[in-house]
>>> print(open('my_file-v1.pdb').read())   # PDB, C-alpha atoms
MODEL        1
ATOM      1  CA  PHE A 234       8.557  75.162 140.901  1.00  0.00           C
ATOM      2  CA  PRO A 235       9.224  78.804 139.906  1.00  0.00           C
ATOM      3  CA  VAL A 236      12.938  79.470 139.473  1.00  0.00           C
ATOM      4  CA  THR A 237      14.808  82.770 139.283  1.00  0.00           C
ATOM      5  CA  ILE A 238      18.326  83.361 138.000  1.00  0.00           C
ATOM      6  CA  GLU A 239      20.207  86.442 139.169  1.00  0.00           C
ATOM      7  CA  VAL A 240      22.826  88.096 136.955  1.00  0.00           C
ATOM      8  CA  PRO A 241      25.320  90.013 139.128  1.00  0.00           C
ATOM      9  CA  ASP A 242      27.760  92.798 138.290  1.00  0.00           C
ATOM     10  CA  VAL A 243      28.980  92.387 134.688  1.00  0.00           C
ATOM     11  CA  HIS A 244      30.810  95.733 134.333  1.00  0.00           C
ATOM     12  CA  VAL A 245      30.892  96.017 130.526  1.00  0.00           C
ATOM     13  CA  PRO A 246      33.416  96.575 128.888  1.00  0.00           C
ATOM     14  CA  TYR A 247      35.462  94.899 131.640  1.00  0.00           C
ATOM     15  CA  HIS A 248      33.299  91.787 131.645  1.00  0.00           C
ATOM     16  CA  ASP A 249      34.267  88.160 131.238  1.00  0.00           C
ATOM     17  CA  SER A 250      32.601  87.311 127.948  1.00  0.00           C
ATOM     18  CA  ARG A 251      33.190  83.566 128.386  1.00  0.00           C
ATOM     19  CA  SER A 252      31.382  83.563 131.727  1.00  0.00           C
ATOM     20  CA  VAL A 253      28.507  85.525 130.233  1.00  0.00           C
ATOM     21  CA  LYS A 254      28.196  82.939 127.442  1.00  0.00           C
ATOM     22  CA  LEU A 255      28.280  80.148 130.018  1.00  0.00           C
ATOM     23  CA  LEU A 256      25.471  81.798 131.964  1.00  0.00           C
ATOM     24  CA  CYS A 257      23.427  82.015 128.757  1.00  0.00           C
ATOM     25  CA  LYS A 258      23.844  78.247 128.347  1.00  0.00           C
ATOM     26  CA  VAL A 259      22.575  77.767 131.917  1.00  0.00           C
ATOM     27  CA  ILE A 260      19.573  79.994 131.226  1.00  0.00           C
ATOM     28  CA  LYS A 261      18.699  77.953 128.141  1.00  0.00           C
ATOM     29  CA  ALA A 262      19.020  74.709 130.120  1.00  0.00           C
ATOM     30  CA  LEU A 263      17.078  75.761 133.238  1.00  0.00           C
ATOM     31  CA  GLN A 264      14.452  77.922 131.477  1.00  0.00           C
ATOM     32  CA  PRO A 265      13.855  80.136 134.529  1.00  0.00           C
ATOM     33  CA  HIS A 266      10.543  81.817 135.204  1.00  0.00           C
ATOM     34  CA  TYR A 267      12.419  85.029 136.104  1.00  0.00           C
ATOM     35  CA  LEU A 268      15.740  86.496 134.984  1.00  0.00           C
ATOM     36  CA  ILE A 269      16.826  89.336 137.253  1.00  0.00           C
ATOM     37  CA  VAL A 270      19.851  91.483 136.379  1.00  0.00           C
ATOM     38  CA  LEU A 271      21.161  93.079 139.580  1.00  0.00           C
ATOM     39  CA  GLY A 272      22.869  96.146 138.125  1.00  0.00           C
ATOM     40  CA  ASP A 273      26.388  97.421 137.422  1.00  0.00           C
ATOM     41  CA  SER A 274      26.112  95.747 134.046  1.00  0.00           C
ATOM     42  CA  LEU A 275      27.814  98.836 132.639  1.00  0.00           C
ATOM     43  CA  ASP A 276      30.938 100.237 134.269  1.00  0.00           C
ATOM     44  CA  PHE A 277      30.905 103.802 132.863  1.00  0.00           C
ATOM     45  CA  TYR A 278      34.584 104.237 133.738  1.00  0.00           C
ATOM     46  CA  GLN A 279      34.675 107.492 131.750  1.00  0.00           C
ATOM     47  CA  LEU A 280      32.068 109.072 134.037  1.00  0.00           C
ATOM     48  CA  SER A 281      33.681 108.087 137.320  1.00  0.00           C
ATOM     49  CA  LYS A 282      34.674 110.809 139.781  1.00  0.00           C
ATOM     50  CA  PHE A 283      37.966 108.979 140.392  1.00  0.00           C
ATOM     51  CA  ASP A 284      41.234 109.549 138.519  1.00  0.00           C
ATOM     52  CA  LYS A 285      41.221 107.827 135.146  1.00  0.00           C
ATOM     53  CA  ASP A 286      43.949 106.323 132.984  1.00  0.00           C
ATOM     54  CA  PRO A 287      43.632 108.015 129.543  1.00  0.00           C
ATOM     55  CA  LEU A 288      45.052 104.891 127.865  1.00  0.00           C
ATOM     56  CA  ARG A 289      42.270 102.787 129.368  1.00  0.00           C
ATOM     57  CA  LYS A 290      39.304 104.946 128.482  1.00  0.00           C
ATOM     58  CA  THR A 291      36.839 103.789 125.866  1.00  0.00           C
ATOM     59  CA  SER A 292      33.887 105.774 124.545  1.00  0.00           C
ATOM     60  CA  VAL A 293      30.554 105.736 126.328  1.00  0.00           C
ATOM     61  CA  SER A 294      28.741 104.957 123.090  1.00  0.00           C
ATOM     62  CA  ASP A 295      30.987 101.952 122.386  1.00  0.00           C
ATOM     63  CA  ASP A 296      30.471 100.617 125.907  1.00  0.00           C
ATOM     64  CA  VAL A 297      26.701 100.977 125.666  1.00  0.00           C
ATOM     65  CA  SER A 298      26.797  99.199 122.308  1.00  0.00           C
ATOM     66  CA  ASP A 299      28.767  96.340 123.888  1.00  0.00           C
ATOM     67  CA  PHE A 300      26.260  96.197 126.746  1.00  0.00           C
ATOM     68  CA  LYS A 301      23.351  96.006 124.315  1.00  0.00           C
ATOM     69  CA  ASP A 302      25.048  92.974 122.784  1.00  0.00           C
ATOM     70  CA  VAL A 303      25.269  91.327 126.233  1.00  0.00           C
ATOM     71  CA  LEU A 304      21.642  92.250 126.922  1.00  0.00           C
ATOM     72  CA  HIS A 305      20.549  90.613 123.672  1.00  0.00           C
ATOM     73  CA  GLN A 306      22.557  87.494 124.543  1.00  0.00           C
ATOM     74  CA  LEU A 307      20.727  87.208 127.873  1.00  0.00           C
ATOM     75  CA  ASP A 308      17.396  88.029 126.286  1.00  0.00           C
ATOM     76  CA  GLY A 309      17.874  85.480 123.514  1.00  0.00           C
ATOM     77  CA  ALA A 310      18.696  82.743 126.031  1.00  0.00           C
ATOM     78  CA  CYS A 311      15.348  83.171 127.816  1.00  0.00           C
ATOM     79  CA  PRO A 312      12.230  81.221 126.889  1.00  0.00           C
ATOM     80  CA  LEU A 313       9.139  83.282 126.103  1.00  0.00           C
ATOM     81  CA  LYS A 314       7.682  82.588 129.570  1.00  0.00           C
ATOM     82  CA  THR A 315      10.568  84.296 131.383  1.00  0.00           C
ATOM     83  CA  GLU A 316       9.874  87.603 133.093  1.00  0.00           C
ATOM     84  CA  ARG A 317      12.971  89.757 132.651  1.00  0.00           C
ATOM     85  CA  VAL A 318      13.916  92.420 135.183  1.00  0.00           C
ATOM     86  CA  PHE A 319      16.785  94.929 135.143  1.00  0.00           C
ATOM     87  CA  LEU A 320      17.776  96.737 138.351  1.00  0.00           C
ATOM     88  CA  GLY A 321      20.079  99.705 137.889  1.00  0.00           C
ATOM     89  CA  GLY A 322      23.279  99.858 139.941  1.00  0.00           C
ATOM     90  CA  ASN A 323      25.476 102.670 141.169  1.00  0.00           C
ATOM     91  CA  HIS A 324      27.621 102.404 138.018  1.00  0.00           C
ATOM     92  CA  GLU A 325      24.602 102.908 135.736  1.00  0.00           C
ATOM     93  CA  HIS A 326      23.682 105.828 137.983  1.00  0.00           C
ATOM     94  CA  ARG A 327      26.984 107.472 137.023  1.00  0.00           C
ATOM     95  CA  LEU A 328      25.382 108.386 133.686  1.00  0.00           C
ATOM     96  CA  GLN A 329      22.437 110.132 135.306  1.00  0.00           C
ATOM     97  CA  LYS A 330      24.688 112.013 137.732  1.00  0.00           C
ATOM     98  CA  TRP A 331      26.965 113.114 134.897  1.00  0.00           C
ATOM     99  CA  ILE A 332      23.970 114.460 132.947  1.00  0.00           C
ATOM    100  CA  TRP A 333      22.702 116.337 136.006  1.00  0.00           C
ATOM    101  CA  SER A 334      26.149 117.874 136.584  1.00  0.00           C
ATOM    102  CA  ASN A 335      27.123 118.692 133.008  1.00  0.00           C
ATOM    103  CA  ALA A 336      24.098 118.873 130.733  1.00  0.00           C
ATOM    104  CA  THR A 337      21.798 121.025 132.941  1.00  0.00           C
ATOM    105  CA  ASP A 338      18.539 121.678 131.042  1.00  0.00           C
ATOM    106  CA  LEU A 339      19.848 119.880 127.944  1.00  0.00           C
ATOM    107  CA  GLY A 340      19.598 116.709 129.976  1.00  0.00           C
ATOM    108  CA  LYS A 341      15.883 116.686 129.202  1.00  0.00           C
ATOM    109  CA  MET A 342      16.774 116.034 125.551  1.00  0.00           C
ATOM    110  CA  ILE A 343      19.116 113.108 126.261  1.00  0.00           C
ATOM    111  CA  PRO A 344      17.458 109.675 126.154  1.00  0.00           C
ATOM    112  CA  SER A 345      17.566 107.662 129.356  1.00  0.00           C
ATOM    113  CA  LEU A 346      19.609 104.473 129.497  1.00  0.00           C
ATOM    114  CA  GLU A 347      16.328 102.570 129.624  1.00  0.00           C
ATOM    115  CA  ALA A 348      15.123 104.161 126.373  1.00  0.00           C
ATOM    116  CA  TYR A 349      18.479 104.076 124.591  1.00  0.00           C
ATOM    117  CA  CYS A 350      18.951 100.336 125.226  1.00  0.00           C
ATOM    118  CA  GLY A 351      15.374  99.481 124.269  1.00  0.00           C
ATOM    119  CA  PHE A 352      14.397  97.652 127.453  1.00  0.00           C
ATOM    120  CA  LYS A 353      10.697  98.321 126.945  1.00  0.00           C
ATOM    121  CA  GLU A 354      10.749  97.123 123.337  1.00  0.00           C
ATOM    122  CA  LEU A 355      12.473  93.911 124.438  1.00  0.00           C
ATOM    123  CA  GLY A 356       9.864  93.348 127.141  1.00  0.00           C
ATOM    124  CA  TRP A 357      12.077  94.024 130.164  1.00  0.00           C
ATOM    125  CA  GLN A 358      10.971  95.683 133.392  1.00  0.00           C
ATOM    126  CA  PHE A 359      13.450  98.448 134.274  1.00  0.00           C
ATOM    127  CA  TYR A 360      14.059  99.745 137.798  1.00  0.00           C
ATOM    128  CA  LYS A 361      16.247 102.744 138.567  1.00  0.00           C
ATOM    129  CA  TYR A 362      19.146 102.599 141.017  1.00  0.00           C
ATOM    130  CA  GLY A 363      17.752 102.473 144.537  1.00  0.00           C
ATOM    131  CA  GLU A 364      14.478 100.823 143.509  1.00  0.00           C
ATOM    132  CA  PHE A 365      13.563  97.267 144.541  1.00  0.00           C
ATOM    133  CA  TYR A 366      11.848  94.340 142.892  1.00  0.00           C
ATOM    134  CA  ARG A 367       9.778  92.120 145.179  1.00  0.00           C
ATOM    135  CA  LEU A 368       8.913  88.509 144.517  1.00  0.00           C
ATOM    136  CA  GLY A 369       7.080  86.803 147.353  1.00  0.00           C
ATOM    137  CA  ASP A 370       8.752  87.949 150.573  1.00  0.00           C
ATOM    138  CA  VAL A 371      12.138  88.506 148.900  1.00  0.00           C
ATOM    139  CA  LEU A 372      13.567  91.890 147.902  1.00  0.00           C
ATOM    140  CA  TYR A 373      15.844  92.006 144.851  1.00  0.00           C
ATOM    141  CA  MET A 374      18.184  94.990 144.518  1.00  0.00           C
ATOM    142  CA  HIS A 375      21.639  96.081 143.443  1.00  0.00           C
ATOM    143  CA  GLY A 376      22.685  96.735 147.030  1.00  0.00           C
ATOM    144  CA  ASP A 377      24.536  99.404 148.953  1.00  0.00           C
ATOM    145  CA  ARG A 378      26.719  97.455 151.375  1.00  0.00           C
ATOM    146  CA  CYS A 379      30.186  95.864 151.075  1.00  0.00           C
ATOM    147  CA  GLY A 380      32.558  94.040 153.372  1.00  0.00           C
ATOM    148  CA  MET A 381      32.942  90.928 155.476  1.00  0.00           C
ATOM    149  CA  ASN A 382      29.471  91.118 157.075  1.00  0.00           C
ATOM    150  CA  VAL A 383      27.601  92.436 154.051  1.00  0.00           C
ATOM    151  CA  SER A 384      24.913  89.729 154.031  1.00  0.00           C
ATOM    152  CA  MET A 385      24.030  90.158 157.698  1.00  0.00           C
ATOM    153  CA  ASN A 386      24.093  93.930 157.317  1.00  0.00           C
ATOM    154  CA  MET A 387      21.619  93.683 154.421  1.00  0.00           C
ATOM    155  CA  ILE A 388      19.258  91.582 156.540  1.00  0.00           C
ATOM    156  CA  ARG A 389      19.527  94.048 159.430  1.00  0.00           C
ATOM    157  CA  LYS A 390      18.876  97.040 157.185  1.00  0.00           C
ATOM    158  CA  TYR A 391      15.879  95.696 155.259  1.00  0.00           C
ATOM    159  CA  GLY A 392      14.399  93.276 157.798  1.00  0.00           C
ATOM    160  CA  CYS A 393      13.549  90.640 155.197  1.00  0.00           C
ATOM    161  CA  SER A 394      15.154  88.259 152.726  1.00  0.00           C
ATOM    162  CA  VAL A 395      17.387  90.083 150.243  1.00  0.00           C
ATOM    163  CA  VAL A 396      19.090  89.122 146.970  1.00  0.00           C
ATOM    164  CA  HIS A 397      21.803  91.569 145.926  1.00  0.00           C
ATOM    165  CA  GLY A 398      24.996  92.279 144.030  1.00  0.00           C
ATOM    166  CA  HIS A 399      27.396  95.234 144.408  1.00  0.00           C
ATOM    167  CA  ASP A 400      29.826  93.546 146.805  1.00  0.00           C
ATOM    168  CA  HIS A 401      31.187  91.065 144.211  1.00  0.00           C
ATOM    169  CA  GLY A 402      31.502  88.485 146.984  1.00  0.00           C
ATOM    170  CA  ALA A 403      29.493  85.301 147.306  1.00  0.00           C
ATOM    171  CA  ALA A 404      27.448  84.112 150.268  1.00  0.00           C
ATOM    172  CA  VAL A 405      24.158  82.677 151.422  1.00  0.00           C
ATOM    173  CA  ARG A 406      23.420  83.881 154.963  1.00  0.00           C
ATOM    174  CA  TRP A 407      20.412  82.581 156.875  1.00  0.00           C
ATOM    175  CA  PHE A 408      19.076  84.382 159.939  1.00  0.00           C
ATOM    176  CA  ALA A 409      16.288  83.393 162.294  1.00  0.00           C
ATOM    177  CA  ASN A 410      14.607  85.037 165.263  1.00  0.00           C
ATOM    178  CA  ALA A 411      11.328  84.735 167.174  1.00  0.00           C
ATOM    179  CA  VAL A 412       9.431  86.253 164.253  1.00  0.00           C
ATOM    180  CA  GLY A 413      10.678  84.098 161.411  1.00  0.00           C
ATOM    181  CA  ARG A 414      13.519  83.093 159.100  1.00  0.00           C
ATOM    182  CA  MET A 415      15.156  85.116 156.348  1.00  0.00           C
ATOM    183  CA  PHE A 416      18.261  85.108 154.161  1.00  0.00           C
ATOM    184  CA  ALA A 417      20.629  87.273 152.166  1.00  0.00           C
ATOM    185  CA  LEU A 418      22.061  86.018 148.876  1.00  0.00           C
ATOM    186  CA  ASN A 419      25.206  87.778 147.677  1.00  0.00           C
ATOM    187  CA  CYS A 420      25.483  86.894 143.990  1.00  0.00           C
ATOM    188  CA  GLY A 421      29.135  87.505 143.095  1.00  0.00           C
ATOM    189  CA  HIS A 422      30.143  89.092 139.781  1.00  0.00           C
ATOM    190  CA  LEU A 423      30.797  88.401 136.089  1.00  0.00           C
ATOM    191  CA  SER A 424      33.607  90.856 135.470  1.00  0.00           C
ATOM    192  CA  ASP A 425      37.182  90.121 134.438  1.00  0.00           C
ATOM    193  CA  MET A 426      39.292  90.793 137.527  1.00  0.00           C
ATOM    194  CA  LYS A 427      42.418  91.192 135.405  1.00  0.00           C
ATOM    195  CA  GLN A 428      40.881  94.351 133.943  1.00  0.00           C
ATOM    196  CA  GLN A 429      39.975  95.945 137.280  1.00  0.00           C
ATOM    197  CA  GLU A 430      42.756  98.455 137.845  1.00  0.00           C
ATOM    198  CA  TYR A 431      41.866  99.298 141.451  1.00  0.00           C
ATOM    199  CA  LEU A 432      42.567  95.775 142.748  1.00  0.00           C
ATOM    200  CA  TYR A 433      45.954  95.845 144.472  1.00  0.00           C
ATOM    201  CA  GLY A 434      47.892  92.913 143.089  1.00  0.00           C
ATOM    202  CA  GLY A 435      44.740  91.773 141.276  1.00  0.00           C
ATOM    203  CA  VAL A 436      43.481  90.121 144.470  1.00  0.00           C
ATOM    204  CA  ALA A 437      40.107  90.601 146.175  1.00  0.00           C
ATOM    205  CA  ASP A 438      37.459  88.577 147.970  1.00  0.00           C
ATOM    206  CA  TRP A 439      35.385  88.353 144.793  1.00  0.00           C
ATOM    207  CA  THR A 440      33.802  85.251 143.281  1.00  0.00           C
ATOM    208  CA  GLN A 441      32.497  84.795 139.763  1.00  0.00           C
ATOM    209  CA  GLY A 442      29.090  83.204 139.569  1.00  0.00           C
ATOM    210  CA  PHE A 443      25.373  83.897 139.722  1.00  0.00           C
ATOM    211  CA  GLY A 444      22.384  83.501 142.001  1.00  0.00           C
ATOM    212  CA  LEU A 445      19.553  81.008 141.895  1.00  0.00           C
ATOM    213  CA  VAL A 446      16.334  81.153 143.937  1.00  0.00           C
ATOM    214  CA  GLU A 447      13.702  78.421 143.863  1.00  0.00           C
ATOM    215  CA  TYR A 448      10.155  79.092 145.090  1.00  0.00           C
ATOM    216  CA  THR A 449       7.186  77.012 146.032  1.00  0.00           C
ATOM    217  CA  ASP A 450       4.221  77.528 143.710  1.00  0.00           C
ATOM    218  CA  ASP A 451       2.582  79.955 146.168  1.00  0.00           C
ATOM    219  CA  PHE A 452       5.855  81.966 146.528  1.00  0.00           C
ATOM    220  CA  LYS A 453       5.667  81.655 150.327  1.00  0.00           C
ATOM    221  CA  VAL A 454       8.928  79.697 150.558  1.00  0.00           C
ATOM    222  CA  ALA A 455      12.144  80.659 148.775  1.00  0.00           C
ATOM    223  CA  VAL A 456      15.414  78.717 148.783  1.00  0.00           C
ATOM    224  CA  PRO A 457      18.543  80.584 147.609  1.00  0.00           C
ATOM    225  CA  SER A 458      21.809  79.243 146.279  1.00  0.00           C
ATOM    226  CA  PHE A 459      24.975  80.652 144.766  1.00  0.00           C
ATOM    227  CA  VAL A 460      26.493  78.959 141.716  1.00  0.00           C
ATOM    228  CA  PRO A 461      30.220  79.647 141.379  1.00  0.00           C
ATOM    229  CA  ILE A 462      31.914  79.813 138.007  1.00  0.00           C
ATOM    230  CA  ILE A 463      35.395  78.300 138.161  1.00  0.00           C
ATOM    231  CA  GLU A 464      37.620  78.358 135.084  1.00  0.00           C
ATOM    232  CA  HIS A 465      34.532  79.137 133.007  1.00  0.00           C
ATOM    233  CA  ARG A 466      32.669  76.069 134.255  1.00  0.00           C
ATOM    234  CA  CYS A 467      29.809  75.622 136.690  1.00  0.00           C
ATOM    235  CA  ILE A 468      27.464  72.993 138.085  1.00  0.00           C
ATOM    236  CA  SER A 469      23.811  73.961 138.513  1.00  0.00           C
TER     237      SER A 469
ENDMDL
END
>>> encode(input="my_file-v1.pdb", output="C-alpha cells")
Amino acid sequence: FPVTIEVPDVHVPYHDSRSVKLLCKVIKALQPHYLIVLGDSLDFYQLSKFDKDPLRKTSVSDDVSDFKDVLHQLDGACPLKTERVFLGGNHEHRLQKWIWSNATDLGKMIPSLEAYCGFKELGWQFYKYGEFYRLGDVLYMHGDRCGMNVSMNMIRKYGCSVVHGHDHGAAVRWFANAVGRMFALNCGHLSDMKQQEYLYGGVADWTQGFGLVEYTDDFKVAVPSFVPIIEHRCIS
C-alpha cells in the first residue's frame, strides 16, 4: 500500500538533531512512497517581528546552511521511488516578508528560498506558504490554527481530511456526518524545546514525532497515525 511520512516543524537551528537522525532511519526502513515536509523547517529567528535576544541570534546564511544539511539528510534517506514534497510554513514566509519590507525592488535580485536551497535540482516539489498538496481526498498543509481544538477546527475550515503541522501538538481526530468520514492529523514537531525561549518554564502541550498516512492502492481510503518520539526512540 502507498505510505506517506510527514515531517513536522523542525525549526532549524533550534532542531533536535537526534530526532531528525532517528526519523531518517525510519524513512530508510519504511521506504515511503511520499515524504512530505510540513513547513517551519527553518525558524528565521533573526527576521521575526518580536523582540530578539542579541546573544541568541545566529546568521541567516548559517541557518540556511544548517537547513540544507537537514534537507540532504532527509533526501538521502529516501529511496528513488519516493516523491518528495516541501510545504512552506509561516516561519519560512518570514524571509519573503522581510524582503518585501526591506529590499523593495532589490528583492527581485535575491534568490528565493526554493532556488537557494536547490529543491528543484534535488527533485523536490516546493509549495509556498498557504498552498496545499492534495493526495487522494486528503489535503496536506502547514496549517494556520493552534489550540486545544485545532484538529476539529481544521476539519471545519477545510471540510475534508487534513494533515498539518504548525501547532506542535499531536492528535488524530476523526469526524463523521451524513455525508462521509474525515480526519485531521496533527503531526507534532522535531524542535528542541529547551531552545525555545518563549515557552514559560519550558513547558507546552507539544509532542515530538511525525505523521504517517497509509492509503489503499486507489487512494480512496487513507488511514492516519501519529508516531511519537520519546527519549529519541519510536515504534513505527
>>> residues_around(input="my_file-v1.pdb", residues="stretch 410-417 of chain A", least_positions_apart="6", cutoff="6 Å", atoms="only C-alpha atoms", output="list in words")
Ser384, Cys393, Ser394, Val395 and Val396 of chain A
>>> atom_distance(input="my_file-v1.pdb", atom1="atom CA of A:Thr337", atom2="atom CA of A:Leu280")
15.8 Å
>>> resolve_selection(input="my_file-v1.pdb", expression="the PyMOL selection byres ((chain A and resi 377-379) around 10)", output="mmCIF file with C-alpha atoms, in the coordinates of the input")
data_model
loop_
_atom_site.group_PDB
_atom_site.id
_atom_site.type_symbol
_atom_site.label_atom_id
_atom_site.label_comp_id
_atom_site.auth_asym_id
_atom_site.auth_seq_id
_atom_site.Cartn_x
_atom_site.Cartn_y
_atom_site.Cartn_z
ATOM 1 C CA GLY A 322 23.279 99.858 139.941
ATOM 2 C CA ASN A 323 25.476 102.670 141.169
ATOM 3 C CA GLY A 363 17.752 102.473 144.537
ATOM 4 C CA MET A 374 18.184 94.990 144.518
ATOM 5 C CA HIS A 375 21.639 96.081 143.443
ATOM 6 C CA GLY A 376 22.685 96.735 147.030
ATOM 7 C CA GLY A 380 32.558 94.040 153.372
ATOM 8 C CA MET A 381 32.942 90.928 155.476
ATOM 9 C CA ASN A 382 29.471 91.118 157.075
ATOM 10 C CA VAL A 383 27.601 92.436 154.051
ATOM 11 C CA SER A 384 24.913 89.729 154.031
ATOM 12 C CA ASN A 386 24.093 93.930 157.317
ATOM 13 C CA MET A 387 21.619 93.683 154.421
ATOM 14 C CA LYS A 390 18.876 97.040 157.185
ATOM 15 C CA HIS A 397 21.803 91.569 145.926
ATOM 16 C CA GLY A 398 24.996 92.279 144.030
ATOM 17 C CA HIS A 399 27.396 95.234 144.408
ATOM 18 C CA ASP A 400 29.826 93.546 146.805
ATOM 19 C CA HIS A 401 31.187 91.065 144.211
ATOM 20 C CA GLY A 402 31.502 88.485 146.984
#
>>> resolve_selection(input="my_file-v1.pdb", expression="the PyMOL selection byres ((chain A and resi 270) around 12)", output="PyMOL selection string")
chain A and resi 237-244+267-269+271-275+303-304+307-308+316-322+357-360+365-366+373-375+396-399+420+422-423+443-445
>>> residues_near_point(input="my_file-v1.pdb", point="(32.8, 84.1, 150.7)", cutoff="9 Å", atoms="only C-alpha atoms", output="ChimeraX atom specification")
/A:381,402-405,419,438-440
>>> write_last_selection(input="my_file-v1.pdb", atoms="C-alpha atoms", output="mmCIF file, in the coordinates of the input")
data_model
loop_
_atom_site.group_PDB
_atom_site.id
_atom_site.type_symbol
_atom_site.label_atom_id
_atom_site.label_comp_id
_atom_site.auth_asym_id
_atom_site.auth_seq_id
_atom_site.Cartn_x
_atom_site.Cartn_y
_atom_site.Cartn_z
ATOM 1 C CA MET A 381 32.942 90.928 155.476
ATOM 2 C CA GLY A 402 31.502 88.485 146.984
ATOM 3 C CA ALA A 403 29.493 85.301 147.306
ATOM 4 C CA ALA A 404 27.448 84.112 150.268
ATOM 5 C CA VAL A 405 24.158 82.677 151.422
ATOM 6 C CA ASN A 419 25.206 87.778 147.677
ATOM 7 C CA ASP A 438 37.459 88.577 147.970
ATOM 8 C CA TRP A 439 35.385 88.353 144.793
ATOM 9 C CA THR A 440 33.802 85.251 143.281
#
>>> atom_distance(input="my_file-v1.pdb", atom1="atom CA of A:Gln329", atom2="atom CA of A:Ser294")
14.7 Å
>>> resolve_selection(input="my_file-v1.pdb", expression="the PyMOL selection byres ((chain A and resi 351) around 12)", output="list of chain:residue names")
A:Val297, A:Ser298, A:Phe300, A:Lys301, A:Asp302, A:Leu304, A:His305, A:Asp308, A:Phe319, A:Pro344, A:Ser345, A:Leu346, A:Glu347, A:Ala348, A:Tyr349, A:Cys350, A:Phe352, A:Lys353, A:Glu354, A:Leu355, A:Gly356, A:Trp357, A:Gln358, A:Phe359
>>> residues_near_point(input="my_file-v1.pdb", point="(41.5, 88.2, 141.1)", cutoff="7 Å", atoms="only C-alpha atoms", output="PyMOL selection string")
chain A and resi 426-427+435-437
>>> atom_distance(input="my_file-v1.pdb", atom1="atom CA of A:Lys258", atom2="atom CA of A:Val236")
15.6 Å
>>> closest_residue(input="my_file-v1.pdb", among="A:Ser334, A:Gln306, A:Thr449, A:Thr291", to="A:Lys254", atoms="all atoms listed in the file")
A:Gln306
>>> closest_residue(input="my_file-v1.pdb", among="A:Glu430, A:Val456, A:Ala310, A:Pro461", to="A:Phe283", atoms="all atoms listed in the file")
A:Glu430
>>> closest_residue(input="my_file-v1.pdb", among="A:Tyr391, A:Phe408, A:Trp333, A:Phe234", to="A:Val371", atoms="all atoms listed in the file")
A:Tyr391
>>> closest_residue(input="my_file-v1.pdb", among="A:Val293, A:Ser281, A:Asp370, A:Ala262", to="A:Lys453", atoms="all atoms listed in the file")
A:Asp370
>>> build_atoms(input="my_file-v1.pdb", residues="stretch 392-406 of chain A", atoms="N, CA and C atoms", output="tab-separated table (two decimals), in the coordinates of the input")
chain	number	residue	atom	x	y	z
A	392	GLY	N	15.33	94.03	156.97
A	392	GLY	CA	14.40	93.28	157.80
A	392	GLY	C	13.64	92.19	157.07
A	393	CYS	N	14.20	91.70	155.97
A	393	CYS	CA	13.55	90.64	155.20
A	393	CYS	C	14.61	89.94	154.36
A	394	SER	N	14.22	88.93	153.62
A	394	SER	CA	15.15	88.26	152.73
A	394	SER	C	15.55	89.18	151.57
A	395	VAL	N	16.83	89.16	151.23
A	395	VAL	CA	17.39	90.08	150.24
A	395	VAL	C	18.30	89.32	149.28
A	396	VAL	N	18.17	89.62	148.00
A	396	VAL	CA	19.09	89.12	146.97
A	396	VAL	C	19.77	90.34	146.36
A	397	HIS	N	21.11	90.34	146.34
A	397	HIS	CA	21.80	91.57	145.93
A	397	HIS	C	23.12	91.26	145.24
A	398	GLY	N	23.67	92.30	144.62
A	398	GLY	CA	25.00	92.28	144.03
A	398	GLY	C	25.86	93.31	144.73
A	399	HIS	N	26.61	94.09	143.96
A	399	HIS	CA	27.40	95.23	144.41
A	399	HIS	C	28.70	94.85	145.11
A	400	ASP	N	28.66	93.90	145.99
A	400	ASP	CA	29.83	93.55	146.80
A	400	ASP	C	30.83	92.70	146.04
A	401	HIS	N	30.37	91.97	145.03
A	401	HIS	CA	31.19	91.06	144.21
A	401	HIS	C	31.60	89.80	144.96
A	402	GLY	N	31.24	89.70	146.23
A	402	GLY	CA	31.50	88.48	146.98
A	402	GLY	C	30.36	87.50	146.80
A	403	ALA	N	30.51	86.34	147.43
A	403	ALA	CA	29.49	85.30	147.31
A	403	ALA	C	29.16	84.75	148.68
A	404	ALA	N	27.86	84.66	148.97
A	404	ALA	CA	27.45	84.11	150.27
A	404	ALA	C	25.95	83.87	150.29
A	405	VAL	N	25.55	82.86	151.04
A	405	VAL	CA	24.16	82.68	151.42
A	405	VAL	C	24.13	82.71	152.94
A	406	ARG	N	23.45	83.69	153.51
A	406	ARG	CA	23.42	83.88	154.96
A	406	ARG	C	21.99	83.77	155.46
